[in-house]
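Containing compact mmCIF, C-alpha atoms (C1' of nucleotides): my_file_36.txt.
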# COMPACT_ATOMS: atom_id res chain seq x y z
CA MET A 1 6.72 -21.51 -6.73
CA ASN A 2 8.07 -20.73 -10.15
CA THR A 3 10.77 -23.27 -10.88
CA GLU A 4 11.42 -22.17 -14.42
CA LYS A 5 15.09 -21.56 -15.01
CA THR A 6 16.35 -19.64 -17.97
CA LEU A 7 19.97 -19.72 -16.94
CA PRO A 8 21.84 -22.07 -14.64
CA ASN A 9 20.91 -21.22 -11.06
CA GLY A 10 18.65 -18.39 -12.16
CA ILE A 11 15.05 -18.12 -11.07
CA ILE A 12 12.67 -15.65 -12.66
CA ILE A 13 11.00 -13.41 -10.11
CA ASP A 14 7.55 -12.59 -11.37
CA THR A 15 5.81 -11.84 -8.09
CA PRO A 16 6.72 -10.94 -4.51
CA ARG A 17 5.60 -14.43 -3.53
CA THR A 18 8.19 -16.03 -5.74
CA LEU A 19 10.85 -13.84 -4.19
CA GLY A 20 9.76 -14.90 -0.74
CA GLU A 21 9.99 -18.55 -1.63
CA VAL A 22 13.48 -18.13 -3.04
CA VAL A 23 14.62 -16.39 0.13
CA ARG A 24 13.06 -18.95 2.43
CA ASN A 25 14.50 -21.87 0.49
CA LYS A 26 17.99 -20.41 0.48
CA ARG A 27 17.82 -19.54 4.17
CA LYS A 28 16.87 -23.10 5.02
CA GLU A 29 19.58 -24.50 2.79
CA ASP A 30 21.99 -22.42 4.80
CA ASN A 31 20.47 -23.65 8.08
CA LEU A 32 19.62 -20.20 9.34
CA THR A 33 16.61 -19.11 11.39
CA GLN A 34 14.79 -15.91 10.56
CA VAL A 35 16.31 -14.34 13.66
CA GLU A 36 19.81 -15.24 12.56
CA LEU A 37 19.32 -13.98 9.03
CA ALA A 38 17.70 -10.81 10.29
CA GLU A 39 20.67 -10.07 12.52
CA LEU A 40 23.09 -10.99 9.78
CA THR A 41 21.53 -8.63 7.27
CA GLY A 42 20.41 -5.81 9.53
CA VAL A 43 16.70 -6.07 8.91
CA GLY A 44 13.92 -6.70 11.38
CA LEU A 45 12.37 -10.05 12.09
CA ARG A 46 8.98 -8.83 11.06
CA PHE A 47 10.33 -7.63 7.75
CA LEU A 48 11.92 -10.98 7.03
CA SER A 49 8.75 -12.86 7.87
CA GLU A 50 6.73 -10.63 5.58
CA LEU A 51 9.29 -10.92 2.80
CA GLU A 52 9.21 -14.72 2.92
CA ASN A 53 5.43 -14.66 2.90
CA GLY A 54 5.31 -12.58 -0.25
CA LYS A 55 4.22 -9.20 0.99
CA PRO A 56 4.17 -6.94 -2.06
CA THR A 57 4.86 -3.57 -0.52
CA ILE A 58 8.17 -4.18 1.20
CA GLN A 59 11.07 -1.83 0.63
CA LEU A 60 13.64 -2.48 -2.05
CA ASN A 61 16.79 -1.69 -0.12
CA LYS A 62 15.99 -4.21 2.58
CA VAL A 63 15.30 -6.86 -0.02
CA LEU A 64 18.73 -6.18 -1.48
CA LEU A 65 20.30 -6.46 1.97
CA VAL A 66 18.76 -9.86 2.54
CA LEU A 67 19.66 -11.19 -0.90
CA SER A 68 23.21 -9.97 -0.50
CA GLY A 69 23.46 -11.55 2.94
CA LEU A 70 22.38 -14.86 1.43
CA GLY A 71 24.94 -14.54 -1.34
CA LEU A 72 22.30 -14.22 -4.02
CA LYS A 73 22.59 -11.97 -7.03
CA ILE A 74 19.76 -10.14 -8.67
CA GLU A 75 19.89 -9.62 -12.36
CA ILE A 76 17.74 -7.80 -14.90
CA GLY A 77 17.48 -8.60 -18.57
CA GLN A 78 15.08 -9.03 -21.47
CA MET B 1 35.44 -18.72 -9.07
CA ASN B 2 33.39 -16.63 -11.39
CA THR B 3 34.87 -13.46 -12.83
CA GLU B 4 31.87 -12.63 -14.95
CA LYS B 5 30.26 -9.37 -14.05
CA THR B 6 26.97 -10.29 -15.52
CA LEU B 7 25.22 -13.33 -16.81
CA PRO B 8 24.23 -13.37 -20.49
CA ASN B 9 21.84 -10.53 -21.29
CA GLY B 10 21.70 -9.52 -17.67
CA ILE B 11 22.83 -6.64 -15.51
CA ILE B 12 23.60 -7.31 -11.87
CA ILE B 13 21.60 -5.08 -9.56
CA ASP B 14 23.65 -4.35 -6.47
CA THR B 15 22.13 -1.05 -5.41
CA PRO B 16 18.93 0.92 -5.93
CA ARG B 17 20.98 3.33 -8.03
CA THR B 18 21.90 0.63 -10.49
CA LEU B 19 18.28 -0.34 -10.79
CA GLY B 20 17.37 3.26 -11.51
CA GLU B 21 19.94 3.46 -14.27
CA VAL B 22 18.66 0.29 -15.89
CA VAL B 23 15.10 1.58 -15.84
CA ARG B 24 16.01 4.97 -17.22
CA ASN B 25 18.15 3.54 -19.99
CA LYS B 26 15.47 1.11 -21.09
CA ARG B 27 12.79 3.77 -20.96
CA LYS B 28 14.85 6.01 -23.21
CA GLU B 29 15.63 3.16 -25.58
CA ASP B 30 11.90 2.73 -25.89
CA ASN B 31 11.43 6.46 -26.46
CA LEU B 32 9.08 6.93 -23.57
CA THR B 33 8.75 9.92 -21.27
CA GLN B 34 8.33 9.40 -17.54
CA VAL B 35 4.72 10.48 -17.88
CA GLU B 36 4.08 7.86 -20.54
CA LEU B 37 5.76 5.07 -18.60
CA ALA B 38 3.98 6.04 -15.40
CA GLU B 39 0.61 5.84 -17.13
CA LEU B 40 1.57 2.60 -18.84
CA THR B 41 2.55 0.89 -15.61
CA GLY B 42 0.09 2.47 -13.19
CA VAL B 43 2.59 4.20 -10.93
CA GLY B 44 2.90 7.87 -10.13
CA LEU B 45 5.24 10.26 -11.89
CA ARG B 46 6.99 11.10 -8.67
CA PHE B 47 7.57 7.44 -7.91
CA LEU B 48 9.12 6.87 -11.31
CA SER B 49 11.42 9.84 -10.91
CA GLU B 50 12.53 8.59 -7.52
CA LEU B 51 13.06 5.07 -8.83
CA GLU B 52 15.26 6.29 -11.66
CA ASN B 53 17.26 8.38 -9.22
CA GLY B 54 17.98 5.44 -6.98
CA LYS B 55 15.76 6.00 -3.99
CA PRO B 56 16.40 3.04 -1.69
CA THR B 57 13.11 2.85 0.15
CA ILE B 58 10.71 2.37 -2.72
CA GLN B 59 8.24 -0.48 -2.66
CA LEU B 60 8.94 -3.75 -4.38
CA ASN B 61 5.61 -4.30 -6.08
CA LYS B 62 5.80 -0.95 -7.83
CA VAL B 63 9.28 -1.74 -9.04
CA LEU B 64 7.98 -5.00 -10.46
CA LEU B 65 5.16 -3.14 -12.21
CA VAL B 66 7.62 -0.84 -13.93
CA LEU B 67 10.02 -3.61 -14.93
CA SER B 68 7.18 -5.66 -16.30
CA GLY B 69 5.88 -2.68 -18.26
CA LEU B 70 9.30 -2.27 -19.82
CA GLY B 71 9.44 -5.95 -20.72
CA LEU B 72 12.33 -6.61 -18.36
CA LYS B 73 12.73 -9.79 -16.37
CA ILE B 74 14.22 -10.05 -12.92
CA GLU B 75 16.18 -13.10 -12.00
CA ILE B 76 17.92 -14.38 -8.89
CA GLY B 77 20.88 -16.73 -8.73
CA GLN B 78 24.23 -17.27 -7.06
C1' DA C 1 22.99 33.72 -26.57
C1' DT C 2 17.98 33.81 -26.04
C1' DA C 3 13.39 32.35 -26.30
C1' DG C 4 10.38 28.84 -26.25
C1' DT C 5 9.27 24.10 -25.33
C1' DA C 6 9.64 19.60 -23.43
C1' DT C 7 10.94 16.92 -19.67
C1' DC C 8 12.16 15.99 -15.06
C1' DT C 9 12.25 17.01 -10.00
C1' DT C 10 10.22 18.65 -5.83
C1' DC C 11 6.61 20.42 -2.75
C1' DC C 12 2.09 19.84 -0.14
C1' DC C 13 -1.67 16.96 1.47
C1' DG C 14 -4.29 12.93 3.11
C1' DA C 15 -4.53 8.03 2.87
C1' DA C 16 -2.15 3.94 3.12
C1' DA C 17 1.71 1.17 4.30
C1' DG C 18 6.35 0.39 6.54
C1' DG C 19 9.36 -0.88 10.49
C1' DG C 20 11.02 -2.32 15.25
C1' DA C 21 9.85 -4.24 19.51
C1' DA C 22 6.78 -6.84 21.96
C1' DT C 23 3.32 -10.33 22.05
C1' DA C 24 0.93 -14.33 20.26
C1' DT C 25 0.80 -18.37 17.63
C1' DT C 26 2.62 -22.50 15.54
C1' DA C 27 5.92 -26.24 15.05
C1' DT C 28 9.21 -29.49 16.95
C1' DG C 29 11.12 -32.89 20.17
C1' DA C 30 11.71 -35.30 24.39
C1' DT D 1 1.73 -33.43 27.07
C1' DC D 2 4.86 -29.88 28.02
C1' DA D 3 8.77 -26.99 27.17
C1' DT D 4 11.28 -24.68 23.87
C1' DA D 5 12.36 -22.92 19.36
C1' DA D 6 10.74 -20.75 15.37
C1' DT D 7 7.60 -18.00 12.97
C1' DA D 8 3.68 -14.82 12.55
C1' DT D 9 1.05 -10.86 14.13
C1' DT D 10 -0.14 -6.63 16.89
C1' DC D 11 0.91 -1.82 18.79
C1' DC D 12 2.42 2.65 17.75
C1' DC D 13 4.91 6.07 15.25
C1' DT D 14 7.18 7.24 10.87
C1' DT D 15 7.48 7.14 5.91
C1' DT D 16 5.78 6.33 1.25
C1' DC D 17 2.58 7.03 -2.57
C1' DG D 18 -0.36 9.51 -5.85
C1' DG D 19 -2.15 13.80 -7.64
C1' DG D 20 -1.64 18.45 -9.01
C1' DA D 21 1.17 22.25 -9.56
C1' DA D 22 5.31 24.87 -9.24
C1' DG D 23 10.15 25.03 -9.90
C1' DA D 24 14.29 23.44 -12.20
C1' DT D 25 16.85 21.47 -16.29
C1' DA D 26 17.57 20.13 -20.79
C1' DC D 27 16.84 20.59 -25.53
C1' DT D 28 16.10 22.95 -30.06
C1' DA D 29 16.09 26.37 -33.38
C1' DT D 30 16.87 30.93 -34.71
Please rewrite the model in this file as structure tokens.
Amino acid sequence: MNTEKTLPNGIIIDTPRTLGEVVRNKRKEDNLTQVELAELTGVGLRFLSELENGKPTIQLNKVLLVLSGLGLKIEIGQ
Amino acid sequence: MNTEKTLPNGIIIDTPRTLGEVVRNKRKEDNLTQVELAELTGVGLRFLSELENGKPTIQLNKVLLVLSGLGLKIEIGQ
DNA sequence: ATAGTATCTTCCCGAAAGGGAATATTATGA
DNA sequence: TCATAATATTCCCTTTCGGGAAGATACTAT
């Protein structure tokens, strides 16, 4: 996992795998199962499993749903 | 509470449409056509057009390719 | 305004990949 | 070990992607 932080609480997402690790870590911090998070965010269990395992070809809107449900913000900059 | 809309040098991505706007603006700043950016990043012209227009169901890895090609970083935080 | 040009969007096709629901596997605890 | 919870994977149908080309807009100069 990429633990480099450029800003407080900000993690650079360079690959789908990094994204998956961020999601899994936050979900566990929040003491949620995949089933609970899936229901909370309106995505399927399979999707969530694949997201956390770094599948590259998942759809953007569902990623945004999950991040939003976890209270995470996504930011783009130089 | 945090009333900041963005973190330093960053734009919060809340929807696919916002992402599309960021990509289009950066591409134009760099004086690239869609054809040029598509070739540069290895995605199709149609994909790039759909990305810039906010299509929700595009694939994550291709988004990352385009952002990387534009020299943009993606970051996740609270 | 009009012509001409550059750029962007949309259509078709086949191949590849996505998603939900169901099933299988793995991890955890008594 | 065995039962249960949690996670990963399979089945089947739908959707996306790239490529090429046509259609639609935008831009520029006269």
(Q) Show me, as a PyMOL selection string, the residues that have an atom within 10 Å of segment 10-27 of chain B when counting only C-alpha atoms (C1' of nucleotides), minus same-chain residues fewer than 5 positions from it. (A) (chain A and resi 60-61+64-65+67-68+73-78) or (chain B and resi 5+32-34+36-37+48-58+63+66-67+69-76)
Which chain D residues have any atom within 12 Å of an atom of chain B, and for each, what is the nearest pair of atoms with distance in Å to one decimal, counting all atoms listed in the file, rows sorted by chain and number, as a tab-separated table?
residue	atom	partner	partner_atom	distance
D:DT15	C1'	B:Thr57	CA	9.1
D:DT16	C1'	B:Ile58	CA	7.5
D:DC17	C1'	B:Phe47	CA	7.3
D:DG18	C1'	B:Gly44	CA	5.6
D:DG19	C1'	B:Gly44	CA	8.2
D:DG20	C1'	B:Leu45	CA	11.1
Write out chain B, as a PDB file with C-alpha atoms, in the frame of the given file, after superposing it onto chain A by least squares using every C-alpha atom paired in order.
ATOM      1  CA  MET B   1       9.993 -19.308 -27.839  1.00  0.00           C
ATOM      2  CA  ASN B   2      11.490 -20.233 -24.544  1.00  0.00           C
ATOM      3  CA  THR B   3       9.906 -22.990 -22.494  1.00  0.00           C
ATOM      4  CA  GLU B   4      12.471 -22.866 -19.739  1.00  0.00           C
ATOM      5  CA  LYS B   5      11.033 -21.970 -16.398  1.00  0.00           C
ATOM      6  CA  THR B   6      14.276 -20.764 -15.035  1.00  0.00           C
ATOM      7  CA  LEU B   7      17.692 -19.885 -16.272  1.00  0.00           C
ATOM      8  CA  PRO B   8      20.620 -21.971 -15.006  1.00  0.00           C
ATOM      9  CA  ASN B   9      20.927 -21.739 -11.228  1.00  0.00           C
ATOM     10  CA  GLY B  10      18.139 -19.218 -11.075  1.00  0.00           C
ATOM     11  CA  ILE B  11      14.592 -19.026  -9.806  1.00  0.00           C
ATOM     12  CA  ILE B  12      12.190 -16.660 -11.518  1.00  0.00           C
ATOM     13  CA  ILE B  13      10.613 -14.230  -9.086  1.00  0.00           C
ATOM     14  CA  ASP B  14       7.112 -13.413 -10.254  1.00  0.00           C
ATOM     15  CA  THR B  15       5.502 -12.465  -6.963  1.00  0.00           C
ATOM     16  CA  PRO B  16       6.539 -11.307  -3.503  1.00  0.00           C
ATOM     17  CA  ARG B  17       5.472 -14.728  -2.246  1.00  0.00           C
ATOM     18  CA  THR B  18       7.991 -16.477  -4.435  1.00  0.00           C
ATOM     19  CA  LEU B  19      10.691 -14.186  -3.170  1.00  0.00           C
ATOM     20  CA  GLY B  20       9.727 -15.009   0.394  1.00  0.00           C
ATOM     21  CA  GLU B  21       9.980 -18.715  -0.291  1.00  0.00           C
ATOM     22  CA  VAL B  22      13.419 -18.345  -1.823  1.00  0.00           C
ATOM     23  CA  VAL B  23      14.652 -16.376   1.167  1.00  0.00           C
ATOM     24  CA  ARG B  24      13.225 -18.782   3.696  1.00  0.00           C
ATOM     25  CA  ASN B  25      14.593 -21.833   1.930  1.00  0.00           C
ATOM     26  CA  LYS B  26      18.071 -20.374   1.659  1.00  0.00           C
ATOM     27  CA  ARG B  27      18.037 -19.229   5.260  1.00  0.00           C
ATOM     28  CA  LYS B  28      17.151 -22.727   6.404  1.00  0.00           C
ATOM     29  CA  GLU B  29      19.769 -24.285   4.152  1.00  0.00           C
ATOM     30  CA  ASP B  30      22.247 -22.062   5.916  1.00  0.00           C
ATOM     31  CA  ASN B  31      20.876 -23.082   9.313  1.00  0.00           C
ATOM     32  CA  LEU B  32      20.060 -19.580  10.392  1.00  0.00           C
ATOM     33  CA  THR B  33      17.165 -18.391  12.524  1.00  0.00           C
ATOM     34  CA  GLN B  34      15.279 -15.246  11.569  1.00  0.00           C
ATOM     35  CA  VAL B  35      16.903 -13.483  14.497  1.00  0.00           C
ATOM     36  CA  GLU B  36      20.363 -14.417  13.271  1.00  0.00           C
ATOM     37  CA  LEU B  37      19.688 -13.371   9.691  1.00  0.00           C
ATOM     38  CA  ALA B  38      18.092 -10.119  10.799  1.00  0.00           C
ATOM     39  CA  GLU B  39      21.161  -9.227  12.842  1.00  0.00           C
ATOM     40  CA  LEU B  40      23.464 -10.317  10.041  1.00  0.00           C
ATOM     41  CA  THR B  41      21.767  -8.137   7.455  1.00  0.00           C
ATOM     42  CA  GLY B  42      20.719  -5.180   9.591  1.00  0.00           C
ATOM     43  CA  VAL B  43      16.970  -5.500   9.155  1.00  0.00           C
ATOM     44  CA  GLY B  44      14.323  -5.985  11.794  1.00  0.00           C
ATOM     45  CA  LEU B  45      12.889  -9.333  12.806  1.00  0.00           C
ATOM     46  CA  ARG B  46       9.411  -8.257  11.865  1.00  0.00           C
ATOM     47  CA  PHE B  47      10.563  -7.182   8.425  1.00  0.00           C
ATOM     48  CA  LEU B  48      12.199 -10.533   7.809  1.00  0.00           C
ATOM     49  CA  SER B  49       9.090 -12.399   8.869  1.00  0.00           C
ATOM     50  CA  GLU B  50       6.973 -10.294   6.552  1.00  0.00           C
ATOM     51  CA  LEU B  51       9.405 -10.750   3.678  1.00  0.00           C
ATOM     52  CA  GLU B  52       9.361 -14.519   4.038  1.00  0.00           C
ATOM     53  CA  ASN B  53       5.578 -14.478   4.132  1.00  0.00           C
ATOM     54  CA  GLY B  54       5.317 -12.570   0.896  1.00  0.00           C
ATOM     55  CA  LYS B  55       4.318  -9.098   1.956  1.00  0.00           C
ATOM     56  CA  PRO B  56       4.073  -7.091  -1.264  1.00  0.00           C
ATOM     57  CA  THR B  57       4.800  -3.614   0.012  1.00  0.00           C
ATOM     58  CA  ILE B  58       8.218  -4.108   1.530  1.00  0.00           C
ATOM     59  CA  GLN B  59      11.061  -1.824   0.566  1.00  0.00           C
ATOM     60  CA  LEU B  60      13.530  -2.750  -2.115  1.00  0.00           C
ATOM     61  CA  ASN B  61      16.744  -1.777  -0.383  1.00  0.00           C
ATOM     62  CA  LYS B  62      15.971  -3.994   2.585  1.00  0.00           C
ATOM     63  CA  VAL B  63      15.259  -6.890   0.281  1.00  0.00           C
ATOM     64  CA  LEU B  64      18.629  -6.337  -1.354  1.00  0.00           C
ATOM     65  CA  LEU B  65      20.306  -6.301   2.060  1.00  0.00           C
ATOM     66  CA  VAL B  66      18.829  -9.673   2.924  1.00  0.00           C
ATOM     67  CA  LEU B  67      19.635 -11.258  -0.433  1.00  0.00           C
ATOM     68  CA  SER B  68      23.171  -9.990  -0.253  1.00  0.00           C
ATOM     69  CA  GLY B  69      23.549 -11.335   3.277  1.00  0.00           C
ATOM     70  CA  LEU B  70      22.453 -14.739   2.050  1.00  0.00           C
ATOM     71  CA  GLY B  71      24.922 -14.609  -0.823  1.00  0.00           C
ATOM     72  CA  LEU B  72      22.173 -14.527  -3.429  1.00  0.00           C
ATOM     73  CA  LYS B  73      22.376 -12.545  -6.633  1.00  0.00           C
ATOM     74  CA  ILE B  74      19.482 -10.872  -8.369  1.00  0.00           C
ATOM     75  CA  GLU B  75      19.446 -10.694 -12.105  1.00  0.00           C
ATOM     76  CA  ILE B  76      17.179  -9.185 -14.735  1.00  0.00           C
ATOM     77  CA  GLY B  77      16.707 -10.366 -18.298  1.00  0.00           C
ATOM     78  CA  GLN B  78      14.084 -11.112 -20.918  1.00  0.00           C
TER      79      GLN B  78
END
Q | All residues 12 Å or closer to DC13 of chain D, only C-alpha atoms (C1' of nucleotides), same chain fewer than 5 positions away omitted, as a ChimeraX atom specification | A | /C:18-20
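Atom C1' of DT25 of chain C lies 8.3 Å from atom C1' of DT9 of chain D.
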Q: Provide the atom C1' of DA5 of chain D to atom C1' of DG29 of chain C distance in Å, to one decimal place.
A: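 Result for atom C1' of DA5 of chain D versus atom C1' of DG29 of chain C: 10.1 Å, one decimal.
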Q. Any idea which chain C residues end up within 12 Å of chain B if we count all atoms listed in the file, as a ChimeraX atom specification please?
A. /C:6-11,17-19
Q: Go ahead and compute the interatomic distance for atom CA of Asn31 of chain B and atom C1' of DT30 of chain D, in Å to one decimal.
A: 26.4 Å
(Q) Need to verify the contact set: DA24 of chain C, 12 Å, all atoms listed in the file, exclusion of same-chain residues closer than 2 positions in sequence. Can you return it as a list of chain:residue names? (A) C:DA22, C:DT26, D:DT7, D:DA8, D:DT9, D:DT10
Please save C-alpha atoms (C1' of nucleotides) of the selected residues as an mmCIF file, in the frame of the given file.
data_model
loop_
_atom_site.group_PDB
_atom_site.id
_atom_site.type_symbol
_atom_site.label_atom_id
_atom_site.label_comp_id
_atom_site.auth_asym_id
_atom_site.auth_seq_id
_atom_site.Cartn_x
_atom_site.Cartn_y
_atom_site.Cartn_z
ATOM 1 C "C1'" DA C 22 6.780 -6.840 21.960
ATOM 2 C "C1'" DT C 26 2.620 -22.500 15.540
ATOM 3 C "C1'" DT D 7 7.600 -18.000 12.970
ATOM 4 C "C1'" DA D 8 3.680 -14.820 12.550
ATOM 5 C "C1'" DT D 9 1.050 -10.860 14.130
ATOM 6 C "C1'" DT D 10 -0.140 -6.630 16.890
#
